>>> print(open('entry.cif').read())   # mmCIF, C-alpha atoms
data_upload
#
loop_
_atom_site.group_PDB
_atom_site.id
_atom_site.type_symbol
_atom_site.label_atom_id
_atom_site.label_comp_id
_atom_site.auth_asym_id
_atom_site.auth_seq_id
_atom_site.Cartn_x
_atom_site.Cartn_y
_atom_site.Cartn_z
ATOM 1 C CA MET A 1148 -32.171 4.135 18.994
ATOM 2 C CA ALA A 1149 -31.004 7.420 17.416
ATOM 3 C CA TYR A 1150 -29.459 7.431 13.961
ATOM 4 C CA ASP A 1151 -25.665 7.673 14.150
ATOM 5 C CA SER A 1152 -24.375 9.343 10.980
ATOM 6 C CA ALA A 1153 -20.694 8.920 11.925
ATOM 7 C CA ASP A 1154 -21.204 5.192 12.434
ATOM 8 C CA THR A 1155 -23.062 4.893 9.117
ATOM 9 C CA ARG A 1156 -20.284 6.751 7.270
ATOM 10 C CA ALA A 1157 -17.651 4.515 8.889
ATOM 11 C CA ARG A 1158 -19.548 1.334 7.983
ATOM 12 C CA ILE A 1159 -19.974 2.504 4.379
ATOM 13 C CA LEU A 1160 -16.275 3.365 4.135
ATOM 14 C CA ALA A 1161 -15.170 0.013 5.611
ATOM 15 C CA ALA A 1162 -17.438 -1.850 3.180
ATOM 16 C CA ALA A 1163 -16.158 0.313 0.315
ATOM 17 C CA VAL A 1164 -12.514 -0.507 1.122
ATOM 18 C CA GLU A 1165 -13.342 -4.214 1.005
ATOM 19 C CA GLU A 1166 -15.369 -3.882 -2.197
ATOM 20 C CA PHE A 1167 -12.893 -1.661 -4.057
ATOM 21 C CA SER A 1168 -9.868 -3.674 -2.951
ATOM 22 C CA THR A 1169 -11.550 -6.800 -4.315
ATOM 23 C CA TYR A 1170 -13.110 -5.491 -7.534
ATOM 24 C CA GLY A 1171 -11.519 -2.110 -8.284
ATOM 25 C CA LEU A 1172 -13.498 0.983 -9.167
ATOM 26 C CA ALA A 1173 -15.026 -0.400 -12.373
ATOM 27 C CA GLY A 1174 -16.034 -3.748 -10.893
ATOM 28 C CA ALA A 1175 -17.270 -2.531 -7.511
ATOM 29 C CA ARG A 1176 -21.013 -2.351 -6.930
ATOM 30 C CA ILE A 1177 -22.742 0.164 -4.689
ATOM 31 C CA ASP A 1178 -25.447 -2.449 -4.009
ATOM 32 C CA ARG A 1179 -22.854 -4.782 -2.438
ATOM 33 C CA ILE A 1180 -21.406 -1.911 -0.406
ATOM 34 C CA CYS A 1181 -24.919 -1.163 0.882
ATOM 35 C CA GLU A 1182 -25.555 -4.803 1.702
ATOM 36 C CA THR A 1183 -22.242 -5.196 3.538
ATOM 37 C CA SER A 1184 -22.528 -1.911 5.436
ATOM 38 C CA GLY A 1185 -26.215 -2.197 6.242
ATOM 39 C CA ALA A 1186 -26.721 1.296 4.801
ATOM 40 C CA ASN A 1187 -29.109 2.335 2.083
ATOM 41 C CA LYS A 1188 -28.054 3.674 -1.299
ATOM 42 C CA ARG A 1189 -29.315 7.147 -0.460
ATOM 43 C CA SER A 1190 -26.903 7.318 2.485
ATOM 44 C CA VAL A 1191 -23.965 6.353 0.287
ATOM 45 C CA TYR A 1192 -24.705 9.187 -2.133
ATOM 46 C CA VAL A 1193 -25.525 11.703 0.608
ATOM 47 C CA TYR A 1194 -22.198 11.089 2.347
ATOM 48 C CA TYR A 1195 -19.941 10.392 -0.630
ATOM 49 C CA THR A 1196 -21.770 11.916 -3.663
ATOM 50 C CA SER A 1197 -20.544 9.393 -6.257
ATOM 51 C CA LYS A 1198 -18.878 6.033 -6.648
ATOM 52 C CA GLU A 1199 -15.639 7.723 -7.742
ATOM 53 C CA LEU A 1200 -15.592 10.005 -4.680
ATOM 54 C CA LEU A 1201 -16.277 6.988 -2.463
ATOM 55 C CA PHE A 1202 -13.289 5.263 -4.107
ATOM 56 C CA SER A 1203 -11.204 8.361 -3.409
ATOM 57 C CA ALA A 1204 -12.320 8.362 0.246
ATOM 58 C CA ALA A 1205 -11.430 4.665 0.507
ATOM 59 C CA LEU A 1206 -7.970 5.404 -0.923
ATOM 60 C CA HIS A 1207 -7.455 8.229 1.571
ATOM 61 C CA GLN A 1208 -8.463 5.895 4.390
ATOM 62 C CA VAL A 1209 -6.170 3.024 3.371
ATOM 63 C CA ILE A 1210 -3.159 5.123 2.393
ATOM 64 C CA GLY A 1211 -3.524 7.217 5.542
ATOM 65 C CA GLU A 1212 -3.490 4.047 7.641
ATOM 66 C CA VAL A 1213 -0.344 2.807 5.880
ATOM 67 C CA VAL A 1214 1.466 6.140 6.319
ATOM 68 C CA GLU A 1215 0.545 6.232 10.000
ATOM 69 C CA ALA A 1216 1.370 2.589 10.683
ATOM 70 C CA VAL A 1217 4.602 2.520 8.642
ATOM 71 C CA PRO A 1218 6.220 5.950 8.481
ATOM 72 C CA LEU A 1219 8.985 6.279 5.907
ATOM 73 C CA THR A 1220 12.238 6.299 7.862
ATOM 74 C CA GLU A 1221 14.899 7.431 5.440
ATOM 75 C CA ASP A 1222 17.638 6.726 7.987
ATOM 76 C CA ASP A 1223 16.534 3.062 8.323
ATOM 77 C CA LEU A 1224 15.313 1.912 4.920
ATOM 78 C CA PRO A 1225 15.913 -1.812 5.649
ATOM 79 C CA GLY A 1226 13.701 -1.519 8.742
ATOM 80 C CA TYR A 1227 11.133 0.452 6.767
ATOM 81 C CA ALA A 1228 11.030 -2.244 4.062
ATOM 82 C CA ALA A 1229 10.522 -4.972 6.677
ATOM 83 C CA ARG A 1230 7.782 -3.025 8.483
ATOM 84 C CA MET A 1231 6.026 -2.299 5.178
ATOM 85 C CA PHE A 1232 6.201 -6.006 4.261
ATOM 86 C CA ASP A 1233 4.666 -6.885 7.648
ATOM 87 C CA HIS A 1234 1.892 -4.335 7.173
ATOM 88 C CA LEU A 1235 1.035 -5.534 3.679
ATOM 89 C CA ILE A 1236 0.891 -9.152 4.852
ATOM 90 C CA GLU A 1237 -1.417 -8.136 7.717
ATOM 91 C CA HIS A 1238 -3.521 -5.755 5.573
ATOM 92 C CA PRO A 1239 -3.717 -7.146 2.027
ATOM 93 C CA ALA A 1240 -6.410 -4.636 1.055
ATOM 94 C CA ALA A 1241 -3.797 -1.868 1.302
ATOM 95 C CA LEU A 1242 -1.705 -3.186 -1.571
ATOM 96 C CA ARG A 1243 -4.765 -4.147 -3.612
ATOM 97 C CA MET A 1244 -6.176 -0.608 -3.249
ATOM 98 C CA HIS A 1245 -2.829 0.840 -4.327
ATOM 99 C CA LEU A 1246 -2.781 -1.407 -7.403
ATOM 100 C CA TRP A 1247 -6.360 -0.511 -8.373
ATOM 101 C CA ARG A 1248 -5.466 3.162 -7.972
ATOM 102 C CA GLN A 1249 -2.499 2.747 -10.324
ATOM 103 C CA LEU A 1250 -4.645 0.888 -12.867
ATOM 104 C CA GLU A 1251 -7.810 2.950 -12.794
ATOM 105 C CA ARG A 1252 -7.379 6.376 -11.207
ATOM 106 C CA PRO A 1253 -3.752 7.277 -10.407
ATOM 107 C CA GLU A 1254 -4.782 10.899 -9.834
ATOM 108 C CA LEU A 1255 -7.126 10.028 -6.955
ATOM 109 C CA GLY A 1256 -6.241 9.660 -3.327
ATOM 110 C CA PRO A 1257 -3.850 11.625 -1.183
ATOM 111 C CA ASP A 1258 -0.827 13.303 -2.729
ATOM 112 C CA ALA A 1259 2.268 12.220 -0.818
ATOM 113 C CA GLY A 1260 4.645 13.979 -3.200
ATOM 114 C CA ASP A 1261 5.725 16.530 -0.602
ATOM 115 C CA VAL A 1262 6.501 13.784 1.923
ATOM 116 C CA TYR A 1263 8.609 11.900 -0.614
ATOM 117 C CA ALA A 1264 10.367 15.112 -1.713
ATOM 118 C CA GLU A 1265 11.281 15.899 1.895
ATOM 119 C CA LYS A 1266 12.615 12.369 2.498
ATOM 120 C CA MET A 1267 14.619 12.411 -0.747
ATOM 121 C CA ALA A 1268 16.119 15.792 0.140
ATOM 122 C CA SER A 1269 17.201 14.373 3.492
ATOM 123 C CA MET A 1270 18.642 11.283 1.777
ATOM 124 C CA THR A 1271 20.484 13.445 -0.755
ATOM 125 C CA ALA A 1272 22.043 15.523 2.025
ATOM 126 C CA ALA A 1273 23.239 12.372 3.802
ATOM 127 C CA ALA A 1274 24.359 10.502 0.653
ATOM 128 C CA THR A 1275 27.852 9.162 0.319
ATOM 129 C CA PRO A 1276 29.709 8.584 -2.950
ATOM 130 C CA GLY A 1277 28.564 5.451 -4.707
ATOM 131 C CA GLN A 1278 25.048 5.347 -3.248
ATOM 132 C CA LEU A 1279 22.062 4.988 -5.510
ATOM 133 C CA PRO A 1280 20.092 8.172 -6.205
ATOM 134 C CA PRO A 1281 17.321 8.562 -3.573
ATOM 135 C CA VAL A 1282 14.403 8.113 -5.967
ATOM 136 C CA ASP A 1283 15.837 4.861 -7.325
ATOM 137 C CA LEU A 1284 16.597 3.653 -3.828
ATOM 138 C CA LEU A 1285 13.025 4.342 -2.630
ATOM 139 C CA VAL A 1286 11.577 2.624 -5.708
ATOM 140 C CA PHE A 1287 13.698 -0.472 -5.038
ATOM 141 C CA ILE A 1288 12.878 -0.484 -1.306
ATOM 142 C CA THR A 1289 9.153 -0.199 -2.048
ATOM 143 C CA GLY A 1290 9.432 -3.006 -4.583
ATOM 144 C CA LEU A 1291 11.202 -5.234 -2.060
ATOM 145 C CA ALA A 1292 8.399 -4.758 0.463
ATOM 146 C CA GLN A 1293 5.748 -5.693 -2.120
ATOM 147 C CA SER A 1294 7.584 -8.319 -4.131
ATOM 148 C CA TRP A 1295 6.633 -11.519 -2.285
ATOM 149 C CA ILE A 1296 2.948 -10.668 -2.414
ATOM 150 C CA LEU A 1297 3.078 -9.729 -6.102
ATOM 151 C CA THR A 1298 5.151 -12.716 -7.215
ATOM 152 C CA PRO A 1299 3.163 -15.254 -9.263
ATOM 153 C CA ARG A 1300 2.266 -18.320 -7.216
ATOM 154 C CA ASP A 1301 3.638 -20.461 -10.071
ATOM 155 C CA LEU A 1302 7.130 -19.105 -9.458
ATOM 156 C CA LEU A 1303 6.905 -19.751 -5.725
ATOM 157 C CA ALA A 1304 5.520 -23.243 -6.371
ATOM 158 C CA ALA A 1305 8.311 -23.979 -8.869
ATOM 159 C CA ALA A 1306 10.844 -22.914 -6.237
ATOM 160 C CA ASP A 1307 9.223 -25.406 -3.836
ATOM 161 C CA VAL A 1308 8.921 -22.919 -0.990
ATOM 162 C CA GLY A 1309 5.969 -24.808 0.494
ATOM 163 C CA ASP A 1310 3.132 -22.578 1.656
ATOM 164 C CA PRO A 1311 4.486 -19.138 0.672
ATOM 165 C CA PHE A 1312 2.391 -17.480 3.375
ATOM 166 C CA ALA A 1313 3.296 -19.805 6.238
ATOM 167 C CA ALA A 1314 4.725 -17.833 9.169
ATOM 168 C CA GLU A 1315 8.134 -19.505 8.943
ATOM 169 C CA ARG A 1316 8.455 -18.825 5.209
ATOM 170 C CA LEU A 1317 7.362 -15.202 5.607
ATOM 171 C CA ALA A 1318 9.962 -14.741 8.346
ATOM 172 C CA MET A 1319 12.662 -16.079 6.002
ATOM 173 C CA HIS A 1320 11.609 -13.694 3.263
ATOM 174 C CA ARG A 1321 11.462 -10.781 5.726
ATOM 175 C CA THR A 1322 15.095 -11.490 6.614
ATOM 176 C CA ALA A 1323 15.958 -11.542 2.905
ATOM 177 C CA ILE A 1324 14.217 -8.166 2.434
ATOM 178 C CA ILE A 1325 16.298 -6.602 5.201
ATOM 179 C CA ASP A 1326 19.516 -8.038 3.781
ATOM 180 C CA ALA A 1327 18.700 -6.880 0.238
ATOM 181 C CA ALA A 1328 17.737 -3.411 1.475
ATOM 182 C CA ARG A 1329 21.012 -3.098 3.392
ATOM 183 C CA ARG A 1330 22.933 -3.994 0.248
ATOM 184 C CA LEU A 1331 20.965 -1.463 -1.785
ATOM 185 C CA CYS A 1332 21.658 1.263 0.783
ATOM 186 C CA ALA A 1333 25.397 0.566 0.946
ATOM 187 C CA PRO A 1334 27.700 2.537 -1.313
ATOM 188 C CA THR A 1335 29.319 0.601 -4.114
ATOM 189 C CA PRO A 1336 33.087 0.506 -3.495
ATOM 190 C CA ASN A 1337 35.095 2.658 -5.902
ATOM 191 C CA ALA A 1338 31.941 3.863 -7.626
ATOM 192 C CA GLU A 1339 31.519 7.331 -8.987
ATOM 193 C CA PRO A 1340 28.685 9.206 -7.292
ATOM 194 C CA GLY A 1341 25.457 8.937 -9.226
ATOM 195 C CA PRO A 1342 23.192 11.835 -10.094
ATOM 196 C CA VAL A 1343 21.007 13.025 -7.233
#
>>> encode(input="entry.cif", output="structure tokens")
Amino acid sequence: MAYDSADTRARILAAAVEEFSTYGLAGARIDRICETSGANKRSVYVYYTSKELLFSAALHQVIGEVVEAVPLTEDDLPGYAARMFDHLIEHPAALRMHLWRQLERPELGPDAGDVYAEKMASMTAAATPGQLPPVDLLVFITGLAQSWILTPRDLLAAADVGDPFAAERLAMHRTAIIDAARRLCAPTPNAEPGPV
């Protein structure tokens, strides 16, 4: 059977996403990536040059998948928050990779600044008096989508929510996310417009 370099690269990248999402850049081991992918160490360095560049490629892969699966819809932020929550529940490595990026190498990975700037400009143009500034609104919406997953299990246990990841409980929280996002998006009555 002929050697398939594209398949080898894909297997290395898939194993790297799993390894980095579990251990971060500092804790990840190329040996485990090789074992999981069935590739040799030489192949990893031929295709990705270094551990840091492999981490960057893994970030590009994961963040690209999130952007494609859950496009930011500035005209439906409650729906966006719910879809992002669904995606993060289905793909926990995505949030873990994002957190490792923030902790270890915030400069790596794709730069989505232009996408956010475009969305915020659109939100600013459509803003009504009393709405939160777009950047604050997007920060809150993103936090809502991630909050259940990032909440300490002790808090959820103290609240006696049962299994916090049972389908019924997740559906209840999803509904709460949508409701909270709608409230955040609504103008505050009699409020002065905030800075944009």
>>> resolve_selection(input="entry.cif", expression="the PyMOL selection byres ((chain A and resi 1198-1203) around 7)", output="list in words")
Phe1167, Leu1172, Tyr1195, Thr1196, Ser1197, Ala1204, Ala1205, Leu1206, His1207, Leu1255 and Gly1256 of chain A
>>> write_last_selection(input="entry.cif", atoms="C-alpha atoms", output="short mmCIF file (atom, residue, chain, number, x, y, z; two decimals), in the coordinates of the input")
data_model
loop_
_atom_site.label_atom_id
_atom_site.label_comp_id
_atom_site.auth_asym_id
_atom_site.auth_seq_id
_atom_site.Cartn_x
_atom_site.Cartn_y
_atom_site.Cartn_z
CA PHE A 1167 -12.89 -1.66 -4.06
CA LEU A 1172 -13.50 0.98 -9.17
CA TYR A 1195 -19.94 10.39 -0.63
CA THR A 1196 -21.77 11.92 -3.66
CA SER A 1197 -20.54 9.39 -6.26
CA ALA A 1204 -12.32 8.36 0.25
CA ALA A 1205 -11.43 4.66 0.51
CA LEU A 1206 -7.97 5.40 -0.92
CA HIS A 1207 -7.46 8.23 1.57
CA LEU A 1255 -7.13 10.03 -6.96
CA GLY A 1256 -6.24 9.66 -3.33
#
>>> resolve_selection(input="entry.cif", expression="the PyMOL selection byres ((chain A and resi 1314-1331) around 10)", output="ChimeraX atom specification")
/A:1223-1230,1232-1233,1236,1278-1279,1283-1285,1287-1295,1308-1313,1332-1335
>>> closest_residue(input="entry.cif", among="A:Glu1221, A:Ala1241, A:Leu1235, A:Asp1178", to="A:Ala1264", atoms="all atoms listed in the file")
A:Glu1221
>>> closest_residue(input="entry.cif", among="A:Ala1161, A:Asp1151, A:Thr1169, A:Ala1186", to="A:Pro1239", atoms="all atoms listed in the file")
A:Thr1169
>>> atom_distance(input="entry.cif", atom1="atom CA of A:Asp1307", atom2="atom CA of A:Trp1247")
29.7 Å
>>> atom_distance(input="entry.cif", atom1="atom CA of A:Arg1176", atom2="atom CA of A:Glu1215")
28.7 Å
>>> closest_residue(input="entry.cif", among="A:Pro1253, A:Ala1175, A:Thr1298, A:His1245", to="A:Ile1210", atoms="all atoms listed in the file")
A:His1245
>>> atom_distance(input="entry.cif", atom1="atom CA of A:Ala1173", atom2="atom CA of A:Ile1159")
17.7 Å
>>> residues_around(input="entry.cif", residues="A:Ala1240", least_positions_apart="2", cutoff="7 Å", atoms="all atoms listed in the file", output="ChimeraX atom specification")
/A:1165,1168,1238,1242-1244
>>> residues_around(input="entry.cif", residues="A:Val1262", least_positions_apart="3", cutoff="12 Å", atoms="all atoms listed in the file", output="VMD selection string")
chain A and resid 1214 1218 to 1221 1257 to 1259 1265 to 1269
>>> closest_residue(input="entry.cif", among="A:Leu1246, A:Val1191, A:Ala1216, A:Met1231", to="A:Ala1157", atoms="all atoms listed in the file")
A:Val1191
>>> axis_aligned_box(input="entry.cif", around="stretch 1155-1171 of chain A", padding_each_side="5 Å", output="JSON")
{"center_x": -16.5, "center_y": 0.0, "center_z": 0.4, "size_x": 23.2, "size_y": 23.6, "size_z": 27.4}
>>> residues_near_point(input="entry.cif", point="(23.6, 11.3, -0.3)", cutoff="10 Å", atoms="only C-alpha atoms", output="PyMOL selection string")
chain A and resi 1267-1281+1334+1340-1343
